[in-house]
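Source file: coords-v3.csv (CSV, C-alpha atoms)
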chain,number,residue,atom,x,y,z
U,1,MET,CA,20.9,19.5,42.2
U,2,SER,CA,18.2,16.8,42.4
U,3,GLY,CA,15.7,19.6,42.5
U,4,ALA,CA,16.9,21.1,39.2
U,5,LEU,CA,16.7,17.7,37.7
U,6,ALA,CA,13.1,17.1,38.9
U,7,ILE,CA,12.0,20.5,37.4
U,8,HIS,CA,13.6,19.6,34.1
U,9,ILE,CA,11.7,16.3,34.0
U,10,ASP,CA,8.5,17.9,35.0
U,11,LEU,CA,8.8,20.4,32.2
U,12,SER,CA,9.7,18.0,29.4
U,13,ALA,CA,7.6,15.0,30.2
U,14,PRO,CA,4.1,16.3,29.3
U,15,ARG,CA,5.2,17.5,25.9
U,16,PHE,CA,6.0,14.1,24.6
U,17,ARG,CA,9.2,15.3,23.2
U,18,GLY,CA,12.5,13.5,22.6
U,19,PRO,CA,13.0,9.9,21.3
U,20,HIS,CA,12.3,8.2,24.6
U,21,ARG,CA,8.9,9.7,25.1
U,22,ARG,CA,8.0,9.0,21.5
U,23,ALA,CA,8.9,5.4,21.8
U,24,GLY,CA,6.9,5.2,25.0
U,25,ALA,CA,3.8,6.5,23.1
U,26,ALA,CA,3.1,2.9,21.9
U,27,LEU,CA,0.3,1.3,23.8
U,28,VAL,CA,2.2,-1.6,25.4
U,29,ASP,CA,-0.5,-4.2,25.3
U,30,ALA,CA,-2.5,-3.1,22.2
U,31,ASN,CA,-2.3,-6.6,20.7
U,32,ALA,CA,-3.7,-8.2,23.9
U,33,LEU,CA,-6.5,-5.6,24.0
U,34,ILE,CA,-7.7,-6.5,20.5
U,35,GLN,CA,-7.5,-10.2,21.3
U,36,SER,CA,-9.6,-9.5,24.4
U,37,ILE,CA,-12.3,-7.8,22.3
U,38,ALA,CA,-12.3,-10.9,20.0
U,39,GLN,CA,-12.5,-13.4,22.9
U,40,SER,CA,-14.9,-11.6,25.3
U,41,SER,CA,-16.3,-8.4,23.6
U,42,ASP,CA,-14.2,-6.6,26.3
U,43,ARG,CA,-15.6,-3.1,26.4
U,44,GLN,CA,-12.9,-1.7,28.7
U,45,ALA,CA,-10.3,-2.9,26.2
U,46,PHE,CA,-12.2,-1.0,23.5
U,47,VAL,CA,-12.1,2.3,25.5
U,48,LYS,CA,-8.4,2.0,26.0
U,49,LEU,CA,-7.8,1.3,22.3
U,50,PHE,CA,-10.0,4.2,21.4
U,51,ASP,CA,-8.2,6.6,23.7
U,52,HIS,CA,-4.9,5.7,22.3
U,53,PHE,CA,-5.6,5.2,18.6
U,54,ALA,CA,-8.6,7.4,17.7
U,55,PRO,CA,-6.7,10.7,18.2
U,56,ARG,CA,-3.7,9.3,16.3
U,57,VAL,CA,-5.8,8.0,13.4
U,58,LYS,CA,-7.5,11.4,13.2
U,59,ALA,CA,-4.1,13.2,13.2
U,60,LEU,CA,-2.9,10.8,10.5
U,61,LEU,CA,-5.9,11.4,8.3
U,62,ILE,CA,-5.6,15.2,8.7
U,63,ARG,CA,-1.9,15.0,7.7
U,64,GLN,CA,-3.0,13.1,4.6
U,65,GLY,CA,-5.3,15.9,3.6
U,66,THR,CA,-8.6,14.7,5.0
U,67,PRO,CA,-10.8,17.6,6.3
U,68,PRO,CA,-11.0,17.6,10.2
U,69,ASP,CA,-14.7,16.7,10.3
U,70,LEU,CA,-14.3,13.8,8.0
U,71,ALA,CA,-11.1,12.7,9.8
U,72,GLU,CA,-13.1,12.7,13.1
U,73,GLU,CA,-15.8,10.5,11.5
U,74,LEU,CA,-13.3,8.1,9.9
U,75,ALA,CA,-11.3,7.8,13.1
U,76,GLN,CA,-14.5,6.7,14.9
U,77,GLU,CA,-15.3,4.3,12.0
U,78,THR,CA,-11.8,2.9,12.2
U,79,LEU,CA,-12.1,2.0,15.9
U,80,LEU,CA,-15.6,0.6,15.3
U,81,MET,CA,-14.0,-1.6,12.6
U,82,VAL,CA,-11.4,-2.7,15.1
U,83,TRP,CA,-14.3,-3.9,17.3
U,84,ARG,CA,-16.1,-5.7,14.5
U,85,LYS,CA,-12.9,-7.2,12.9
U,86,ALA,CA,-11.1,-8.1,16.2
U,87,ALA,CA,-11.5,-11.8,15.5
U,88,LEU,CA,-9.6,-11.4,12.2
U,89,PHE,CA,-6.6,-9.7,13.9
U,90,ASP,CA,-3.5,-11.9,13.7
U,91,PRO,CA,-0.5,-10.5,15.6
U,92,SER,CA,1.8,-13.0,13.8
U,93,ARG,CA,1.1,-11.1,10.6
U,94,ALA,CA,1.1,-7.5,11.9
U,95,GLY,CA,1.1,-5.7,15.2
U,96,ALA,CA,-1.9,-3.6,16.3
U,97,SER,CA,-0.6,-0.2,15.0
U,98,THR,CA,0.1,-1.6,11.6
U,99,TRP,CA,-3.3,-3.4,11.4
U,100,ILE,CA,-5.2,-0.3,12.5
U,101,ALA,CA,-3.2,2.0,10.1
U,102,ALA,CA,-4.3,-0.3,7.3
U,103,ILE,CA,-8.0,-0.2,8.4
U,104,ALA,CA,-7.8,3.6,8.4
U,105,ARG,CA,-6.2,3.6,5.0
U,106,ASN,CA,-9.0,1.5,3.5
U,107,LEU,CA,-11.7,3.7,5.1
U,108,ARG,CA,-10.0,6.8,3.7
U,109,ILE,CA,-9.9,5.3,0.2
U,110,ASP,CA,-13.6,4.4,0.5
U,111,ALA,CA,-14.5,7.9,1.7
U,112,ALA,CA,-12.5,9.6,-1.1
U,113,ARG,CA,-14.2,7.5,-3.8
U,114,ARG,CA,-17.7,7.2,-2.4
U,115,GLU,CA,-19.5,7.8,-5.8
U,116,LYS,CA,-17.3,5.4,-7.8
U,117,ARG,CA,-16.7,2.6,-5.3
U,118,SER,CA,-13.0,1.8,-5.0
U,119,ARG,CA,-12.2,-1.9,-5.0
U,120,LEU,CA,-8.7,-1.3,-3.6
U,121,PRO,CA,-9.6,-2.3,0.0
U,122,GLU,CA,-10.7,-5.7,-1.3
U,123,VAL,CA,-7.5,-5.9,-3.3
U,124,PHE,CA,-5.5,-5.2,-0.1
U,125,ASP,CA,-7.4,-8.0,1.7
U,126,ILE,CA,-6.7,-10.5,-1.1
U,127,ILE,CA,-2.9,-9.7,-1.0
U,128,GLN,CA,-3.0,-9.9,2.8
U,129,GLY,CA,-4.6,-13.3,2.5
U,130,GLU,CA,-1.6,-14.7,0.5
U,131,GLU,CA,0.8,-16.8,2.5
U,132,PRO,CA,3.6,-14.9,4.2
U,133,GLU,CA,7.1,-15.9,3.3
U,134,GLN,CA,7.8,-17.6,6.6
U,135,PRO,CA,4.5,-18.6,8.1
U,136,ASP,CA,6.1,-20.4,11.1
U,137,GLN,CA,7.5,-17.2,12.6
U,138,VAL,CA,4.7,-16.7,15.2
U,139,LEU,CA,6.0,-13.5,16.8
U,140,SER,CA,7.3,-11.9,13.7
U,141,GLY,CA,4.5,-9.4,13.0
U,142,SER,CA,4.5,-7.7,16.4
U,143,GLU,CA,8.2,-8.1,16.8
U,144,ARG,CA,8.7,-6.4,13.4
U,145,ASP,CA,6.5,-3.5,14.5
U,146,SER,CA,8.4,-2.8,17.7
U,147,ARG,CA,11.8,-3.0,16.0
U,148,VAL,CA,10.6,-0.7,13.2
U,149,ARG,CA,9.3,1.8,15.8
U,150,ALA,CA,12.6,1.7,17.7
U,151,ALA,CA,14.6,2.3,14.4
U,152,LEU,CA,12.3,5.2,13.5
U,153,THR,CA,12.7,6.7,16.9
U,154,ASN,CA,16.5,6.9,16.4
U,155,LEU,CA,16.3,8.7,13.1
U,156,SER,CA,17.2,12.4,12.9
U,157,PRO,CA,14.2,14.8,12.6
U,158,ASP,CA,15.3,15.5,9.0
U,159,GLN,CA,15.3,11.8,8.1
U,160,LEU,CA,12.0,11.2,9.9
U,161,ARG,CA,10.3,14.0,8.1
U,162,VAL,CA,11.3,12.5,4.7
U,163,VAL,CA,10.1,9.1,5.8
U,164,GLN,CA,6.7,10.5,7.0
U,165,LEU,CA,6.1,12.3,3.7
U,166,ALA,CA,7.2,9.4,1.5
U,167,PHE,CA,5.4,6.6,3.5
U,168,MET,CA,2.6,8.1,5.5
U,169,GLU,CA,1.5,10.6,2.8
U,170,GLY,CA,2.7,8.4,-0.1
U,171,LEU,CA,4.3,11.3,-1.9
U,172,SER,CA,6.7,10.7,-4.8
U,173,HIS,CA,10.3,11.5,-4.1
U,174,GLN,CA,10.0,14.5,-6.4
U,175,ASP,CA,7.0,15.8,-4.4
U,176,VAL,CA,8.8,15.3,-1.1
U,177,ALA,CA,11.7,17.4,-2.5
U,178,LYS,CA,9.2,20.2,-3.6
U,179,ARG,CA,7.4,20.1,-0.2
U,180,LEU,CA,10.6,20.5,1.8
U,181,SER,CA,12.4,22.7,-0.7
U,182,ILE,CA,15.4,20.4,-0.8
U,183,PRO,CA,17.2,18.7,-3.7
U,184,LEU,CA,15.8,15.4,-5.0
U,185,GLY,CA,19.2,13.8,-4.3
U,186,THR,CA,18.9,14.8,-0.6
U,187,VAL,CA,15.5,13.2,-0.4
U,188,LYS,CA,16.8,10.0,-1.9
U,189,SER,CA,19.9,9.8,0.3
U,190,ARG,CA,17.9,10.5,3.5
U,191,LEU,CA,15.5,7.7,2.5
U,192,ARG,CA,18.3,5.3,1.6
U,193,LEU,CA,19.9,5.9,5.0
U,194,ALA,CA,16.5,5.4,6.8
U,195,MET,CA,15.8,2.2,4.9
U,196,ALA,CA,19.3,0.9,5.6
U,197,ARG,CA,18.6,1.4,9.3
U,198,LEU,CA,15.3,-0.4,9.0
U,199,ARG,CA,16.7,-3.3,7.0
U,200,GLY,CA,19.5,-3.6,9.6
U,201,VAL,CA,17.1,-4.1,12.5
U,202,LEU,CA,14.9,-6.5,10.5
U,203,GLU,CA,17.6,-8.6,9.0
U,204,ASP,CA,17.0,-11.8,11.0
U,205,LEU,CA,13.2,-11.6,10.4
U,206,ARG,CA,13.6,-11.5,6.6
O,1,MET,CA,20.8,-0.1,-17.3
O,2,ILE,CA,19.7,-3.1,-15.2
O,3,ALA,CA,15.9,-3.4,-14.9
O,4,SER,CA,14.8,-4.5,-11.4
O,5,HIS,CA,11.7,-6.5,-12.5
O,6,ARG,CA,10.0,-5.5,-9.2
O,7,PRO,CA,8.3,-2.3,-8.1
O,8,SER,CA,10.5,0.4,-6.7
O,9,GLU,CA,10.3,1.3,-3.0
O,10,GLU,CA,8.7,4.6,-4.1
O,11,THR,CA,6.0,2.7,-6.0
O,12,LEU,CA,5.3,0.3,-3.1
O,13,ALA,CA,5.1,3.2,-0.6
O,14,ALA,CA,2.5,5.0,-2.8
O,15,PHE,CA,0.7,1.6,-3.2
O,16,ALA,CA,0.7,1.1,0.6
O,17,ALA,CA,-0.5,4.6,1.3
O,18,GLY,CA,-3.3,4.2,-1.2
O,19,THR,CA,-2.3,7.2,-3.2
O,20,LEU,CA,-1.6,5.4,-6.5
O,21,ASP,CA,-4.2,5.6,-9.3
O,22,GLU,CA,-6.3,2.4,-8.9
O,23,GLY,CA,-5.5,1.1,-12.4
O,24,LEU,CA,-1.8,1.3,-11.7
O,25,ALA,CA,-2.3,-0.1,-8.2
O,26,LEU,CA,-4.1,-3.1,-9.7
O,27,VAL,CA,-1.1,-4.0,-11.8
O,28,VAL,CA,1.2,-3.6,-8.8
O,29,ALA,CA,-1.2,-5.8,-6.8
O,30,ALA,CA,-1.1,-8.5,-9.6
O,31,HIS,CA,2.7,-8.6,-9.1
O,32,LEU,CA,2.4,-8.7,-5.2
O,33,GLU,CA,0.0,-11.6,-5.5
O,34,VAL,CA,2.7,-13.8,-7.0
O,35,SER,CA,5.9,-12.3,-5.5
O,36,PRO,CA,6.7,-13.2,-1.8
O,37,GLU,CA,9.7,-10.9,-1.9
O,38,SER,CA,7.7,-7.8,-2.8
O,39,ARG,CA,5.0,-8.8,-0.3
O,40,ARG,CA,7.7,-8.9,2.4
O,41,ASP,CA,8.8,-5.4,1.3
O,42,LEU,CA,5.1,-4.2,1.4
O,43,THR,CA,4.8,-5.7,4.9
O,44,GLU,CA,7.8,-3.7,6.1
O,45,ILE,CA,6.4,-0.5,4.6
O,46,GLU,CA,3.1,-1.1,6.3
O,47,ALA,CA,5.0,-1.7,9.6
O,48,VAL,CA,6.7,1.7,9.0
O,49,ASN,CA,3.2,3.3,8.6
O,50,GLY,CA,2.0,1.6,11.8
O,51,ALA,CA,5.0,2.9,13.7
O,52,LEU,CA,4.5,6.4,12.3
O,53,LEU,CA,0.9,6.2,13.5
O,54,ASP,CA,2.1,5.5,17.0
O,55,MET,CA,4.6,8.4,16.8
O,56,ILE,CA,2.2,11.0,15.5
O,57,GLU,CA,1.2,14.0,17.6
O,58,PRO,CA,-2.4,13.1,18.6
O,59,GLU,CA,-5.4,15.2,17.5
O,60,ALA,CA,-8.2,15.7,20.1
O,61,MET,CA,-11.3,13.7,19.3
O,62,GLU,CA,-14.8,15.1,19.8
O,63,ALA,CA,-16.3,11.7,20.5
O,64,ASP,CA,-15.1,9.5,23.3
O,65,GLY,CA,-14.9,5.7,23.5
O,66,GLU,CA,-17.5,5.3,26.2
O,67,THR,CA,-20.2,7.1,24.2
O,68,LEU,CA,-19.3,5.2,21.0
O,69,LEU,CA,-19.5,2.0,22.9
O,70,ARG,CA,-23.1,2.6,23.9
O,71,GLY,CA,-24.1,2.3,20.2
O,72,LEU,CA,-22.4,-1.1,19.9
O,73,PRO,CA,-24.1,-4.4,20.5
O,74,ALA,CA,-23.3,-6.0,23.8
O,75,ARG,CA,-21.6,-8.9,22.1
O,76,ILE,CA,-19.9,-9.1,18.7
O,77,THR,CA,-22.3,-11.0,16.5
O,78,GLU,CA,-20.6,-10.3,13.3
O,79,ARG,CA,-17.8,-12.5,12.1
O,80,LEU,CA,-16.4,-10.9,9.0
O,81,ALA,CA,-15.1,-13.6,6.7
O,82,PRO,CA,-11.9,-13.2,4.8
O,83,PRO,CA,-12.5,-12.6,1.1
O,84,VAL,CA,-13.4,-15.5,-1.1
O,85,ALA,CA,-11.2,-16.5,-4.1
O,86,PRO,CA,-12.8,-15.5,-7.4
O,87,HIS,CA,-13.7,-17.7,-10.4
O,88,ASP,CA,-13.1,-16.2,-13.8
O,89,ALA,CA,-10.2,-13.8,-13.3
O,90,ALA,CA,-7.5,-15.4,-15.5
O,91,GLY,CA,-5.9,-17.0,-12.5
O,92,LEU,CA,-5.4,-13.6,-10.7
O,93,LYS,CA,-7.2,-13.3,-7.4
O,94,VAL,CA,-6.8,-9.5,-7.4
O,95,LEU,CA,-8.9,-9.2,-10.5
O,96,ALA,CA,-11.9,-10.7,-8.7
O,97,PRO,CA,-13.5,-7.4,-7.7
O,98,TYR,CA,-13.3,-6.1,-11.3
O,99,GLU,CA,-15.4,-6.5,-14.4
O,100,LEU,CA,-13.6,-8.2,-17.2
O,101,GLY,CA,-14.4,-7.9,-20.9
O,102,ARG,CA,-14.2,-10.6,-23.6
O,103,TRP,CA,-11.0,-11.4,-25.3
O,104,GLN,CA,-10.9,-9.5,-28.6
O,105,THR,CA,-8.4,-10.1,-31.3
O,106,VAL,CA,-6.6,-6.9,-32.2
O,107,GLY,CA,-4.0,-8.0,-34.7
O,108,ARG,CA,-2.2,-11.1,-35.8
O,109,GLY,CA,-1.4,-13.1,-32.7
O,110,VAL,CA,-2.6,-10.5,-30.2
O,111,ALA,CA,-5.7,-10.4,-28.1
O,112,LEU,CA,-6.9,-7.8,-25.5
O,113,ARG,CA,-9.3,-8.1,-22.7
O,114,ARG,CA,-10.5,-4.9,-21.0
O,115,VAL,CA,-10.5,-4.6,-17.2
O,116,THR,CA,-12.9,-2.0,-16.0
O,117,VAL,CA,-11.5,0.0,-13.1
O,118,PRO,CA,-14.0,2.7,-12.2
O,119,GLY,CA,-12.5,6.1,-11.2
O,120,SER,CA,-9.1,5.3,-12.7
O,121,ASP,CA,-7.3,7.6,-15.1
O,122,ALA,CA,-5.5,4.6,-16.6
O,123,ARG,CA,-6.7,2.2,-19.2
O,124,VAL,CA,-6.3,-1.3,-17.9
O,125,PHE,CA,-6.3,-4.5,-20.0
O,126,MET,CA,-5.0,-8.0,-20.2
O,127,LEU,CA,-2.9,-8.7,-23.3
O,128,ARG,CA,-2.3,-12.2,-24.8
O,129,ALA,CA,0.3,-12.6,-27.5
O,130,GLN,CA,1.2,-15.7,-29.5
O,131,PRO,CA,4.8,-17.0,-29.3
O,132,GLY,CA,7.3,-14.9,-31.2
O,133,THR,CA,5.0,-12.0,-31.8
O,134,ARG,CA,6.8,-8.7,-32.2
O,135,LEU,CA,4.7,-6.0,-30.6
O,136,PRO,CA,4.9,-2.6,-32.4
O,137,ALA,CA,7.6,-0.2,-31.3
O,138,HIS,CA,6.0,2.5,-29.2
O,139,ARG,CA,6.7,5.5,-26.9
O,140,HIS,CA,4.7,6.8,-24.0
O,141,THR,CA,3.6,10.1,-22.8
O,142,GLY,CA,2.5,8.6,-19.5
O,143,ALA,CA,3.2,5.4,-17.6
O,144,GLU,CA,3.0,1.8,-18.9
O,145,TRP,CA,3.0,-0.6,-16.0
O,146,THR,CA,2.9,-4.3,-16.7
O,147,THR,CA,2.8,-7.5,-14.7
O,148,ILE,CA,3.5,-10.7,-16.6
O,149,VAL,CA,0.9,-13.3,-15.8
O,150,ALA,CA,2.3,-16.2,-17.9
O,151,GLY,CA,5.1,-16.6,-20.5
O,152,ALA,CA,7.6,-13.9,-21.1
O,153,TYR,CA,8.7,-11.0,-23.3
O,154,GLN,CA,12.0,-9.3,-23.9
O,155,HIS,CA,12.8,-5.7,-24.9
O,156,GLU,CA,15.6,-3.2,-24.8
O,157,TYR,CA,15.5,-3.2,-20.9
O,158,GLY,CA,15.6,-6.9,-20.3
O,159,ARG,CA,13.6,-10.1,-20.2
O,160,TYR,CA,10.4,-10.2,-18.2
O,161,ALA,CA,8.9,-13.5,-17.2
O,162,ALA,CA,5.8,-14.7,-15.2
O,163,GLY,CA,5.4,-12.6,-12.0
O,164,ASP,CA,7.8,-9.8,-13.1
O,165,PHE,CA,6.8,-6.2,-12.9
O,166,ASP,CA,7.8,-3.7,-15.7
O,167,GLU,CA,7.5,0.0,-15.0
O,168,ALA,CA,8.0,2.1,-18.1
O,169,ASP,CA,7.5,5.8,-18.4
O,170,GLU,CA,7.9,8.5,-21.0
O,171,ARG,CA,11.7,8.1,-21.0
O,172,HIS,CA,11.3,4.6,-22.5
O,173,ALA,CA,10.8,3.6,-26.1
O,174,HIS,CA,10.6,-0.1,-26.7
O,175,THR,CA,9.8,-3.0,-29.0
O,176,PRO,CA,8.8,-6.0,-27.0
O,177,VAL,CA,9.3,-9.4,-28.5
O,178,VAL,CA,7.2,-12.2,-27.0
O,179,ASP,CA,8.8,-15.5,-25.9
O,180,ALA,CA,9.1,-17.8,-28.9
O,181,ILE,CA,7.8,-20.9,-27.0
O,182,GLU,CA,5.5,-19.8,-24.2
O,183,GLY,CA,4.0,-16.7,-25.7
O,184,CYS,CA,2.9,-14.1,-23.1
O,185,THR,CA,-0.1,-13.0,-21.1
O,186,CYS,CA,0.1,-9.8,-19.0
O,187,ILE,CA,-1.9,-7.2,-17.3
O,188,VAL,CA,-1.2,-3.6,-18.4
O,189,ALA,CA,-2.2,-0.1,-17.1
O,190,LEU,CA,-1.5,2.9,-19.4
O,191,THR,CA,-1.8,6.5,-18.5
O,192,GLY,CA,-1.4,9.3,-20.9
O,193,ASN,CA,-0.9,8.2,-24.5
O,194,VAL,CA,1.0,5.6,-26.3
O,195,ARG,CA,2.4,6.4,-29.7
O,196,PHE,CA,3.1,3.5,-31.9
O,197,GLU,CA,5.7,3.8,-34.5
O,198,GLY,CA,5.5,2.4,-38.0
O,199,PHE,CA,2.6,1.6,-40.3
O,200,PHE,CA,1.2,-1.5,-38.5
O,201,GLY,CA,1.7,0.3,-35.2
O,202,ARG,CA,-0.5,3.1,-36.3
O,203,LEU,CA,-3.2,0.6,-37.2
O,204,LEU,CA,-3.1,-0.7,-33.7
O,205,GLN,CA,-3.4,2.8,-32.2
O,206,PRO,CA,-7.2,3.1,-32.0
O,207,LEU,CA,-7.5,-0.4,-30.5
O,208,VAL,CA,-5.2,0.2,-27.6
O,209,ARG,CA,-7.1,3.4,-26.9
O,210,LEU,CA,-9.9,0.9,-25.9
Using the file provided, produce a representation of the structure as structure tokens.
Amino acid sequence: MSGALAIHIDLSAPRFRGPHRRAGAALVDANALIQSIAQSSDRQAFVKLFDHFAPRVKALLIRQGTPPDLAEELAQETLLMVWRKAALFDPSRAGASTWIAAIARNLRIDAARREKRSRLPEVFDIIQGEEPEQPDQVLSGSERDSRVRAALTNLSPDQLRVVQLAFMEGLSHQDVAKRLSIPLGTVKSRLRLAMARLRGVLEDLR
Amino acid sequence: MIASHRPSEETLAAFAAGTLDEGLALVVAAHLEVSPESRRDLTEIEAVNGALLDMIEPEAMEADGETLLRGLPARITERLAPPVAPHDAAGLKVLAPYELGRWQTVGRGVALRRVTVPGSDARVFMLRAQPGTRLPAHRHTGAEWTTIVAGAYQHEYGRYAAGDFDEADERHAHTPVVDAIEGCTCIVALTGNVRFEGFFGRLLQPLVRL
């Protein structure tokens, strides 16, 4: 019996399937790695961050419609930006994944609008610079990130798909409905449920 | 219908993803600058995007971290400074990266100031109206997104005061009336066409086309 169990684990583990593997995909000490780059130009920390985040940023960009070659280039640039901007990283505002996703977004906007320079990345920086609502909550950014990740991990595949399209790809609800060939009302109710879950886990941080 | 006076979650998600037209995004940004509640919503949406990044199925990289590292200086010499607050941007920091035109009078009690947003399909401008001005009734074929910078106006869908966000589309026809005491200054992005109704409205038409 224990043999059968071992085989089952061996088969499923490498595929990164199921909620527990997905939750485990987070790099546990990503915040500390970025801070280590800021404090001591820690090159080992950079390699670890690269190995975890570069393939994910590349996948994200491809999902958002960036051609694979450009996605590769922008994923490299994103991690180089992490190196350069490490001193500006503030885990009380946002955790590592959120911060890196925002850097990737800004580089994607820049790349898409190369000939007519977009000012949006600057606009994002200006908003980011405004005081947060509760500046004394030192752990809130990283804490928020891990709770959001846990909540998303518990969504059904159908709900998660709608969240990915609406948030990651920034599609309108109408376009999400078209993409998945489901009624608009279903999109809205799935999103409502997903957001209710998120709000629930974030209640005491608000 | 109760107007929310804040961007919808759908709008904030598109803003966070960077998929909104830049002119429309700028008007959302003007609201975010002054609304801590909406900034908190944005922060949560960005946290969702961070978590989704962690959960995505990775795509193999051609480059590796070690190689990339060899091109980097041994120590970080660059300290990137946070952005500096602007000067002449009508009190809005988010306008700092953009070129602003001069205020131009376009009718009794109404002045416009163009905001140049390269690459945007929207026409973006600031509008300043004297207290009690009745703006011409109009309909849209596209979106009319507004953030109130100072003062207030009122129309069929509610009263909008400093910091409020007003998202109108082709379903809305309205006749805004500017606050009788404070007047109103706002930033507006228009897509598609606006059709003014009435004789004076039609006189304004070419001006709003900018």
With the cut-off set at 8 Å and counting only C-alpha atoms, tabulate each residue of chain O with an atom at most that distance from an atom of chain U, showing the nearest atom pair and its distance in Å to one decimal, ordered by chain and increasing number, as a Markdown table.
| residue | atom | partner | partner_atom | distance |
| --- | --- | --- | --- | --- |
| O:Glu10 | CA | U:Ser172 | CA | 6.5 |
| O:Ala13 | CA | U:Phe167 | CA | 5.3 |
| O:Ala14 | CA | U:Gly170 | CA | 4.3 |
| O:Phe15 | CA | U:Gly170 | CA | 7.7 |
| O:Ala16 | CA | U:Gly170 | CA | 7.6 |
| O:Ala17 | CA | U:Gly170 | CA | 5.2 |
| O:Gly18 | CA | U:Ile109 | CA | 6.8 |
| O:Thr19 | CA | U:Gly170 | CA | 6.0 |
| O:Glu22 | CA | U:Leu120 | CA | 6.9 |
| O:Ala25 | CA | U:Leu120 | CA | 8.0 |
| O:Leu26 | CA | U:Val123 | CA | 7.8 |
| O:Ala29 | CA | U:Ile127 | CA | 7.2 |
| O:Leu32 | CA | U:Ile127 | CA | 6.8 |
| O:Glu33 | CA | U:Ile127 | CA | 5.7 |
| O:Pro36 | CA | U:Glu133 | CA | 5.8 |
| O:Glu37 | CA | U:Glu133 | CA | 7.7 |
| O:Arg39 | CA | U:Pro132 | CA | 7.7 |
| O:Arg40 | CA | U:Glu133 | CA | 7.1 |
| O:Glu44 | CA | U:Arg144 | CA | 7.8 |
| O:Ile45 | CA | U:Phe167 | CA | 7.3 |
| O:Glu46 | CA | U:Thr98 | CA | 6.1 |
| O:Ala47 | CA | U:Thr98 | CA | 5.3 |
| O:Val48 | CA | U:Val148 | CA | 6.2 |
| O:Asn49 | CA | U:Met168 | CA | 5.7 |
| O:Gly50 | CA | U:Thr98 | CA | 3.7 |
| O:Ala51 | CA | U:Arg149 | CA | 4.9 |
| O:Leu52 | CA | U:Gln164 | CA | 7.1 |
| O:Leu53 | CA | U:Arg56 | CA | 6.2 |
| O:Asp54 | CA | U:Ala26 | CA | 5.6 |
| O:Met55 | CA | U:Arg22 | CA | 5.8 |
| O:Ile56 | CA | U:Arg56 | CA | 6.2 |
| O:Glu57 | CA | U:Arg56 | CA | 6.9 |
| O:Pro58 | CA | U:Arg56 | CA | 4.6 |
| O:Glu59 | CA | U:Pro55 | CA | 4.7 |
| O:Ala60 | CA | U:Pro55 | CA | 5.6 |
| O:Met61 | CA | U:Pro55 | CA | 5.6 |
| O:Glu62 | CA | U:Glu72 | CA | 7.3 |
| O:Ala63 | CA | U:Gln76 | CA | 7.7 |
| O:Asp64 | CA | U:Asp51 | CA | 7.5 |
| O:Gly65 | CA | U:Val47 | CA | 4.8 |
| O:Glu66 | CA | U:Val47 | CA | 6.2 |
| O:Leu68 | CA | U:Gln76 | CA | 7.9 |
| O:Leu69 | CA | U:Arg43 | CA | 7.3 |
| O:Ala74 | CA | U:Ser41 | CA | 7.4 |
| O:Arg75 | CA | U:Ser41 | CA | 5.5 |
| O:Ile76 | CA | U:Ser41 | CA | 6.1 |
| O:Glu78 | CA | U:Arg84 | CA | 6.5 |
| O:Arg79 | CA | U:Ala87 | CA | 7.2 |
| O:Leu80 | CA | U:Lys85 | CA | 6.4 |
| O:Pro82 | CA | U:Asp125 | CA | 7.5 |
| O:Pro83 | CA | U:Ile126 | CA | 6.5 |
| O:Lys93 | CA | U:Ile126 | CA | 6.9 |
| O:Val94 | CA | U:Val123 | CA | 5.5 |
| O:Pro97 | CA | U:Arg119 | CA | 6.3 |
| O:Tyr98 | CA | U:Arg119 | CA | 7.7 |
| O:Pro118 | CA | U:Lys116 | CA | 6.1 |
| O:Gly119 | CA | U:Lys116 | CA | 5.9 |
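Distance-wise, atom CA of O:Trp145 and atom CA of U:Lys178 end up 25.0 Å apart.
Among the candidate residues O:Gly151, O:Gly23, O:Pro136, O:Pro176, the one lying nearest to O:Arg114 is O:Gly23, with distances computed using all atoms listed in the file.
Candidate residues O:Met126, O:Val178, O:Glu99, O:Pro7 were compared for distance to O:Leu112, and the nearest is O:Met126, using only C-alpha atoms.
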- Query: Suppose you want the space between atom CA of O:Thr105 and atom CA of O:Val124; what is it in Å?
  - Reply: 16.2 Å
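Nearest residue to O:Thr146, choosing from O:His174, O:Arg70, O:His5, O:Arg108 and counting only C-alpha atoms: O:His5.
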- Message: Would you pick out the contacts of O:Ser4 at 10 Å or less, using all atoms listed in the file, so that residues sharing its chain but fewer than 5 positions from it are not included, and give the list as a PyMOL selection string?
- Response: chain O and resi 157-158+160+164-167
- Task: Kindly give the distance, in Å, that separates atom CA of U:Pro183 and atom CA of O:Leu20, rounded to a single decimal.
- Result: 23.2 Å
- Give me the residues within 8 Å of O:Val194 as a ChimeraX atom specification, counting all atoms listed in the file and dropping any in the same chain fewer than 6 places off. /O:138-142,205
Save out the residues we just selected, C-alpha atoms, as a PDB file, in the coordinates of the input.
ATOM      1  CA  HIS O 138       6.000   2.500 -29.200  1.00  0.00           C
ATOM      2  CA  ARG O 139       6.700   5.500 -26.900  1.00  0.00           C
ATOM      3  CA  HIS O 140       4.700   6.800 -24.000  1.00  0.00           C
ATOM      4  CA  THR O 141       3.600  10.100 -22.800  1.00  0.00           C
ATOM      5  CA  GLY O 142       2.500   8.600 -19.500  1.00  0.00           C
ATOM      6  CA  GLN O 205      -3.400   2.800 -32.200  1.00  0.00           C
TER       7      GLN O 205
END
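Distances to O:Ala122 were evaluated for O:Ser38, O:Thr191, O:Thr11, O:Thr43 using only C-alpha atoms, and the minimum falls at O:Thr191.
Omitting U:Thr186 and its sequence neighbours fewer than 5 positions away, and counting all atoms listed in the file, the residues within 12 Å are Asp158, Gln159, Val162, His173, Gln174, Val176, Ala177, Lys178, Leu180, Ser181, Leu191, Arg192 and Leu193 of chain U.
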